[in-house]
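> Take a look at this one; I'll ask things after.
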Amino acid sequence: MIESITDGTALPREREDYRILFENNPLPMWVFDTDSLQFLMVNASAVKLYGYSKEEFLQMTIKDIRPQEDISTLLQVTASSREPLNYAGEWVHLKKDGTQLYVEVVSHALQEDDGVKRLVVVHDITARKLAEKQLAEAERHAQTILANIVEIIFSFNDKMEMTYVSPQCYSILGYTPQQFYEDKLLWFNLVHPEDRYLFEEALPKIRTSQEQFQMEYRIKTASNDEKWFITRCTGQLNKNGYMTRMDGSAIDITHRKVMEEKLRFADFSIERASEAFLWSRPDGSLVRVNRAACVMLGFREEELLGLRMYEIAPSFGQQDWAKQWASLEELHSLTVETEVKDAAGELHPVEMQLNYFNFEQKSYSFTSIRQIVERKQAEAEKAALTEEMARQNEHLRQFAYIVSHNLRAPVANIVGLTNLYNRKSSADPINSVLISKLERTSQRLDTTIRDLNEILSIRSKTEQVLEKIDLQQVFADIKESLSGQFIQYTGRIHADFLEGKEVMGVKGYVHSIFLNLITNAIKYQDEARDLEIHINTVFSNGYLCLQVQDNGLGIDLVKQGGKIFGLYRRFHPHIDGKGLGLYMIKTQAETMGGWVDVESEVGKGSIFKVYFQIPPYND
Amino acid sequence: MTKYQKVFLIDDDEIHNFLCENVIRGQQFSESVNSFLWAEEALDALKAIVDNDPQSFPEIIFLDINMPGMDGWEFIEEYKKLPKELTQQCLLFVLSSAVDKNDITHARNLSEVNDFFSKPLTSDILNIIKEQYSMPNPDITQK
């Protein structure tokens, strides 16, 4: 019967219809012998698909259109007992030109007397297969990309359940994607409780907009470590504006955060350091300054950054800066004691340490500045102390000198005078002379001792509280006290305080100085002319100078200059001086923060000058 | 008992001069005593003697150290410049109220200074001088 179909001869009407159905079927079809596997019939579609002519087909077996590797499987299938209608599944066939065809094969048994034949219908699925293959390839490609990016990629559905997470979640968080799929809320539960509000705040916005949102937050890993993540995500909205999905990524920024933290820590320390720091370039321009630098120099940061190193520390010199830099480059570190100029133009002594360094192929200097005013002050205090000690030593020396000379001199006289006393004959006229001399000597001794006491008490008071003193008032008091012994001279004293009369002082000292100067002028007057004393004041470099000028004997300053204000120096023997007055004046003036000076010429007179501190202006 | 012809006192302390004059007179130590309140005056007097009457150069000088103007040390410097034949015959004693060791040592180190005495001048000091320093023998001088 098959024969007759293939022949196509002498077919009844019905059979002719089947033949046409076979021949013109758009699906490739053939009939083969299950024993010999020979093609017995092929239709036009098969001829067209496989490229073999009908004649060529009929010379081939079904093995000939299979790749070599599939043949053993084919033989197993053909040897097995099959259902009459067999869905043989997908196979790979070969065309005549050798290209592969992906086909779905269905066969049906045709029972004939001389053995079993099968009608095969082939469905070409090559196009579909290729598409599938491409899809798989594309997916693999996507997976490779996903696997190689450092971010975790994820998707949440509209219920905020995790629907996708890329495998990085395991290496970064220690949880597998599977764990996230099983526990849909795991991700949010891992977020640090303190940072969850970020999500809570962002979610309503994500649900209603297509903007990208960004959050930095802490998350806990499977091993309970804390990591910093930055997440960027965008909601996918449907046409009604409802979110159907949220896609996003999470990047582990823990390292960056740690570095940031370290940087912030360093920055914080630098800004709060009490030492001033400056970073400068080789041309002396500034890159950065810290807060202490701004405070020390009295500039705002922007102002300071506009300056150069040699403007801040003028001693570097604009001309010499290149030289300074060269030596810094060579030595890498320089410590200099110099001065910095602040915004007000004032100079402050500082210690500057310059450190040379290279950063990204550029050289810089990191400079720290420390004020050394205190150190300088300490040095000055030490110097002052040394000076004070030297002065104290000088006093001690002088004191020993007084004790050995001036104190002992009257004692020696008393001893001597007492020896001369005629005890046998009290009527001896010398006795009364001796008594009067003894009296004078004892008085001198008494005065010397009292003066010594006075000097010692002035010296022992190191810190005297100064008050405002009116020189004119003091002068009026002195004139009053002079009116006893020196009444005849008061008219010869001419005073004017037009230039100034207020000084800072200790009233007792000012009085004593004034009185001493006037009585000295009276004592050492020149008998050859009438005494004239002129008193006035004059301002000099912030001090008020009291000048007492006389026309008396004068002092040879060339001979006596150095010792004139020394302890127990006398310049005139026959007058009852003790040499103490000028020394007292000097001591008292110095105790009040001033000093004394003298101009004198023998035979012309002297001008004594006492310099006082003046009261502050504000009152 | 022999005595000196001329003694110079150089001291700015009037009372001590008075005292010295009385002791010297009381001890019959010298024929005459000249007191000077200023060392300059004493020096001028010595120079005048050198120029006019070298024979009357004092045999003894008592010199105070601590004086206004020219002090004892400065006087000695000037004294050195006077003719040696006269000054070598003269005894120079420093008479000071000082008990200052430096002053005493300094005085004793000067060859011009024969000795250092502490004030006041007493008869004991004069006796020491008489005993230790050869008195001019009037017999010899008369020859």
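Here, A, B, ... name the chains of the structure tokens in the order displayed, residue numbers run from 1 inside each chain, and ligands are numbered from 1 in the same displayed order.
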Got a sec to pull out which chain B residues are within 12 Å of chain A, counting only C-alpha atoms, and send them as JSON, numbers by chain?

{"B": [10, 11, 12, 13, 14, 15, 16, 17, 18, 19, 20, 21, 22, 23, 24, 25, 26, 27, 36, 37, 38, 39, 40, 64, 65, 66, 67, 68, 69, 70, 71, 74, 95, 96, 97, 98, 99, 100, 101, 102, 103, 104, 117, 118, 119, 120, 121, 122, 123, 124, 125]}

> Taking the backbone alone, and naming residues the way the document does, which bits of range 42-118 of chain B are strand (DSSP E) by DSSP, as a ChimeraX atom specification?

/B:60-63,91-96,115-118

> Go ahead and save the picked residues with C-alpha atoms, as an mmCIF file, in the first residue's frame.


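Saved file selection-v7.cif follows:
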data_model
loop_
_atom_site.group_PDB
_atom_site.id
_atom_site.type_symbol
_atom_site.label_atom_id
_atom_site.label_comp_id
_atom_site.auth_asym_id
_atom_site.auth_seq_id
_atom_site.Cartn_x
_atom_site.Cartn_y
_atom_site.Cartn_z
ATOM 1 C CA ILE B 60 104.687 110.090 110.796
ATOM 2 C CA ILE B 61 101.407 110.203 108.810
ATOM 3 C CA PHE B 62 98.157 108.736 110.115
ATOM 4 C CA LEU B 63 95.851 108.230 107.144
ATOM 5 C CA LEU B 91 106.271 106.278 108.617
ATOM 6 C CA LEU B 92 102.828 105.936 107.027
ATOM 7 C CA PHE B 93 100.139 104.275 109.130
ATOM 8 C CA VAL B 94 96.655 103.596 107.967
ATOM 9 C CA LEU B 95 94.199 104.397 110.690
ATOM 10 C CA SER B 96 90.728 103.244 109.848
ATOM 11 C CA ASP B 115 101.150 99.285 109.417
ATOM 12 C CA PHE B 116 97.400 99.269 109.750
ATOM 13 C CA PHE B 117 95.648 100.270 112.974
ATOM 14 C CA SER B 118 92.047 100.224 113.887
#

> CA of Met592 in chain A to CA of Pro615 in chain A: how many Å, to one decimal?

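Here the two named atoms are 12.3 Å from each other.
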
> Could you pull the residues within 12 Å of range 384-394 of chain A, counting only C-alpha atoms, minus those fewer than 2 positions along the same chain, as number ranges by chain?

A: 376-382, 396-401, 456, 459-460, 462, 566-567, 587, 590

> Which of range 21-84 of chain B end up as alpha helix (DSSP H) when DSSP is run on this backbone - answer as a list in words?

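Matching residues for alpha helix (DSSP H) in range 21-84 of chain B are Glu21, Asn22, Val23, Ile24, Arg25, Gly26, Ala39, Glu40, Glu41, Ala42, Leu43, Asp44, Ala45, Leu46, Lys47, Ala48, Ile49, Val50, Asp51, Asn52, Gly72, Trp73, Glu74, Phe75, Ile76, Glu77, Glu78, Tyr79 and Lys84 of chain B.
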
> Restricting it to C-alpha atoms, dump the selection as a PDB file, in the first residue's frame.


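Output contents, as saved in out-v4.pdb:
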ATOM      1  CA  GLU B  21      95.602 115.367 118.812  1.00  0.00           C
ATOM      2  CA  ASN B  22      94.793 114.907 122.483  1.00  0.00           C
ATOM      3  CA  VAL B  23      96.327 111.457 122.738  1.00  0.00           C
ATOM      4  CA  ILE B  24      99.497 112.512 120.891  1.00  0.00           C
ATOM      5  CA  ARG B  25      99.840 115.602 123.005  1.00  0.00           C
ATOM      6  CA  GLY B  26      99.107 113.693 126.206  1.00  0.00           C
ATOM      7  CA  ALA B  39      93.472 114.291 101.626  1.00  0.00           C
ATOM      8  CA  GLU B  40      94.010 116.776  98.793  1.00  0.00           C
ATOM      9  CA  GLU B  41      94.928 119.460 101.318  1.00  0.00           C
ATOM     10  CA  ALA B  42      97.394 117.150 103.036  1.00  0.00           C
ATOM     11  CA  LEU B  43      98.984 116.280  99.713  1.00  0.00           C
ATOM     12  CA  ASP B  44      99.305 119.939  98.780  1.00  0.00           C
ATOM     13  CA  ALA B  45     100.955 120.600 102.146  1.00  0.00           C
ATOM     14  CA  LEU B  46     103.455 117.759 101.580  1.00  0.00           C
ATOM     15  CA  LYS B  47     104.271 119.056  98.103  1.00  0.00           C
ATOM     16  CA  ALA B  48     104.860 122.507  99.513  1.00  0.00           C
ATOM     17  CA  ILE B  49     107.248 121.050 102.092  1.00  0.00           C
ATOM     18  CA  VAL B  50     109.109 119.109  99.380  1.00  0.00           C
ATOM     19  CA  ASP B  51     109.541 122.289  97.393  1.00  0.00           C
ATOM     20  CA  ASN B  52     110.310 124.712 100.185  1.00  0.00           C
ATOM     21  CA  GLY B  72      93.113 107.016 101.454  1.00  0.00           C
ATOM     22  CA  TRP B  73      94.058 104.734  98.580  1.00  0.00           C
ATOM     23  CA  GLU B  74      94.142 107.573  96.102  1.00  0.00           C
ATOM     24  CA  PHE B  75      96.291 109.562  98.511  1.00  0.00           C
ATOM     25  CA  ILE B  76      98.806 106.728  98.708  1.00  0.00           C
ATOM     26  CA  GLU B  77      99.033 106.647  94.902  1.00  0.00           C
ATOM     27  CA  GLU B  78      99.929 110.342  94.904  1.00  0.00           C
ATOM     28  CA  TYR B  79     102.248 109.955  97.917  1.00  0.00           C
ATOM     29  CA  LYS B  84     111.700 108.652  97.790  1.00  0.00           C
TER      30      LYS B  84
END

> Give me the residues within 8 Å of range 26-31 of chain A as a ChimeraX atom specification, counting only C-alpha atoms and dropping any in the same chain fewer than 6 places off.

/A:39-47,49,117-123

> Please produce a file of those selected residues containing C-alpha atoms, as a PDB file, in the first residue's frame.


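So the final result, stored in part_1.pdb, reads:
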ATOM      1  CA  PHE A  39      13.477   6.379   4.283  1.00  0.00           C
ATOM      2  CA  LEU A  40      10.493   5.071   2.442  1.00  0.00           C
ATOM      3  CA  MET A  41       8.672   8.364   1.704  1.00  0.00           C
ATOM      4  CA  VAL A  42       9.503  12.060   2.188  1.00  0.00           C
ATOM      5  CA  ASN A  43       7.346  15.055   1.438  1.00  0.00           C
ATOM      6  CA  ALA A  44       8.241  18.315  -0.247  1.00  0.00           C
ATOM      7  CA  SER A  45       8.576  20.220   3.040  1.00  0.00           C
ATOM      8  CA  ALA A  46      11.228  17.755   4.226  1.00  0.00           C
ATOM      9  CA  VAL A  47      13.050  18.056   0.918  1.00  0.00           C
ATOM     10  CA  LEU A  49      14.109  21.812   4.935  1.00  0.00           C
ATOM     11  CA  LYS A 117       6.885   1.503   9.373  1.00  0.00           C
ATOM     12  CA  ARG A 118       6.630   4.864  11.092  1.00  0.00           C
ATOM     13  CA  LEU A 119       5.306   8.141   9.873  1.00  0.00           C
ATOM     14  CA  VAL A 120       7.446  10.968  11.221  1.00  0.00           C
ATOM     15  CA  VAL A 121       6.434  14.586  11.517  1.00  0.00           C
ATOM     16  CA  VAL A 122       9.190  17.052  12.168  1.00  0.00           C
ATOM     17  CA  HIS A 123       8.703  20.438  13.726  1.00  0.00           C
TER      18      HIS A 123
END

> As number ranges by chain, please: the residues near range 186-201 of chain A (cut-off 12 Å, only C-alpha atoms, same-chain neighbours under 2 positions excluded).

A: 152, 154-156, 160-165, 169, 173-184, 203-207, 213-233, 250

> Using C-alpha atoms, can you export the residues from the last selection as a PDB file, in the first residue's frame?


ATOM      1  CA  ILE A 152      24.885  43.841  45.896  1.00  0.00           C
ATOM      2  CA  PHE A 154      18.536  43.663  44.759  1.00  0.00           C
ATOM      3  CA  SER A 155      14.868  43.958  43.987  1.00  0.00           C
ATOM      4  CA  PHE A 156      11.983  44.301  46.351  1.00  0.00           C
ATOM      5  CA  MET A 160       8.881  45.249  50.332  1.00  0.00           C
ATOM      6  CA  GLU A 161       9.750  41.593  50.169  1.00  0.00           C
ATOM      7  CA  MET A 162      13.075  40.753  48.643  1.00  0.00           C
ATOM      8  CA  THR A 163      12.593  39.129  45.255  1.00  0.00           C
ATOM      9  CA  TYR A 164      16.140  39.195  44.017  1.00  0.00           C
ATOM     10  CA  VAL A 165      19.549  39.689  45.537  1.00  0.00           C
ATOM     11  CA  CYS A 169      25.363  39.206  49.517  1.00  0.00           C
ATOM     12  CA  LEU A 173      27.058  39.851  54.480  1.00  0.00           C
ATOM     13  CA  GLY A 174      27.540  36.138  54.980  1.00  0.00           C
ATOM     14  CA  TYR A 175      23.934  35.347  54.020  1.00  0.00           C
ATOM     15  CA  THR A 176      23.002  33.496  50.811  1.00  0.00           C
ATOM     16  CA  PRO A 177      20.374  34.874  48.425  1.00  0.00           C
ATOM     17  CA  GLN A 178      18.274  31.882  49.436  1.00  0.00           C
ATOM     18  CA  GLN A 179      18.228  33.051  53.045  1.00  0.00           C
ATOM     19  CA  PHE A 180      17.004  36.429  51.898  1.00  0.00           C
ATOM     20  CA  TYR A 181      14.277  34.882  49.773  1.00  0.00           C
ATOM     21  CA  GLU A 182      13.110  32.747  52.670  1.00  0.00           C
ATOM     22  CA  ASP A 183      13.094  35.550  55.202  1.00  0.00           C
ATOM     23  CA  LYS A 184      11.746  38.445  53.197  1.00  0.00           C
ATOM     24  CA  LEU A 203      10.128  54.514  51.711  1.00  0.00           C
ATOM     25  CA  PRO A 204       7.015  56.673  51.299  1.00  0.00           C
ATOM     26  CA  LYS A 205       8.961  58.847  48.856  1.00  0.00           C
ATOM     27  CA  ILE A 206      10.384  55.884  46.967  1.00  0.00           C
ATOM     28  CA  ARG A 207       6.865  54.492  46.558  1.00  0.00           C
ATOM     29  CA  PHE A 213      17.394  57.670  46.714  1.00  0.00           C
ATOM     30  CA  GLN A 214      20.648  57.294  48.560  1.00  0.00           C
ATOM     31  CA  MET A 215      21.257  56.229  52.131  1.00  0.00           C
ATOM     32  CA  GLU A 216      24.327  55.495  54.196  1.00  0.00           C
ATOM     33  CA  TYR A 217      23.677  53.086  57.010  1.00  0.00           C
ATOM     34  CA  ARG A 218      25.184  50.400  59.161  1.00  0.00           C
ATOM     35  CA  ILE A 219      24.303  46.767  58.708  1.00  0.00           C
ATOM     36  CA  LYS A 220      25.103  43.654  60.695  1.00  0.00           C
ATOM     37  CA  THR A 221      26.767  40.684  58.982  1.00  0.00           C
ATOM     38  CA  ALA A 222      26.182  37.022  59.747  1.00  0.00           C
ATOM     39  CA  SER A 223      29.317  37.075  61.891  1.00  0.00           C
ATOM     40  CA  ASN A 224      27.905  40.037  63.839  1.00  0.00           C
ATOM     41  CA  ASP A 225      30.356  42.554  62.407  1.00  0.00           C
ATOM     42  CA  GLU A 226      29.152  45.984  61.574  1.00  0.00           C
ATOM     43  CA  LYS A 227      29.550  47.246  58.028  1.00  0.00           C
ATOM     44  CA  TRP A 228      28.763  50.529  56.400  1.00  0.00           C
ATOM     45  CA  PHE A 229      26.615  50.374  53.267  1.00  0.00           C
ATOM     46  CA  ILE A 230      25.580  52.970  50.810  1.00  0.00           C
ATOM     47  CA  THR A 231      22.341  52.050  49.056  1.00  0.00           C
ATOM     48  CA  ARG A 232      20.937  53.673  45.952  1.00  0.00           C
ATOM     49  CA  CYS A 233      17.456  52.625  44.898  1.00  0.00           C
ATOM     50  CA  ALA A 250      24.255  48.300  48.135  1.00  0.00           C
TER      51      ALA A 250
END

> Near Glu329 in chain A, within 9 Å and counting only C-alpha atoms, which residues show up once chain neighbours fewer than 6 positions away are dropped, as a VMD selection string?

chain A and resid 355 to 357 363

> Go ahead and write the selection's residues with N, CA and C atoms as an mmCIF file, in the first residue's frame.


data_model
loop_
_atom_site.group_PDB
_atom_site.id
_atom_site.type_symbol
_atom_site.label_atom_id
_atom_site.label_comp_id
_atom_site.auth_asym_id
_atom_site.auth_seq_id
_atom_site.Cartn_x
_atom_site.Cartn_y
_atom_site.Cartn_z
ATOM 1 N N ASN A 355 58.567 71.184 58.634
ATOM 2 C CA ASN A 355 58.822 69.806 58.231
ATOM 3 C C ASN A 355 58.534 69.684 56.745
ATOM 4 N N TYR A 356 59.522 69.200 56.038
ATOM 5 C CA TYR A 356 59.390 69.065 54.587
ATOM 6 C C TYR A 356 58.786 67.707 54.259
ATOM 7 N N PHE A 357 57.822 67.656 53.323
ATOM 8 C CA PHE A 357 57.313 66.355 52.887
ATOM 9 C C PHE A 357 56.805 66.429 51.450
ATOM 10 N N SER A 363 55.832 69.068 46.735
ATOM 11 C CA SER A 363 56.440 69.212 48.054
ATOM 12 C C SER A 363 55.726 70.295 48.852
#
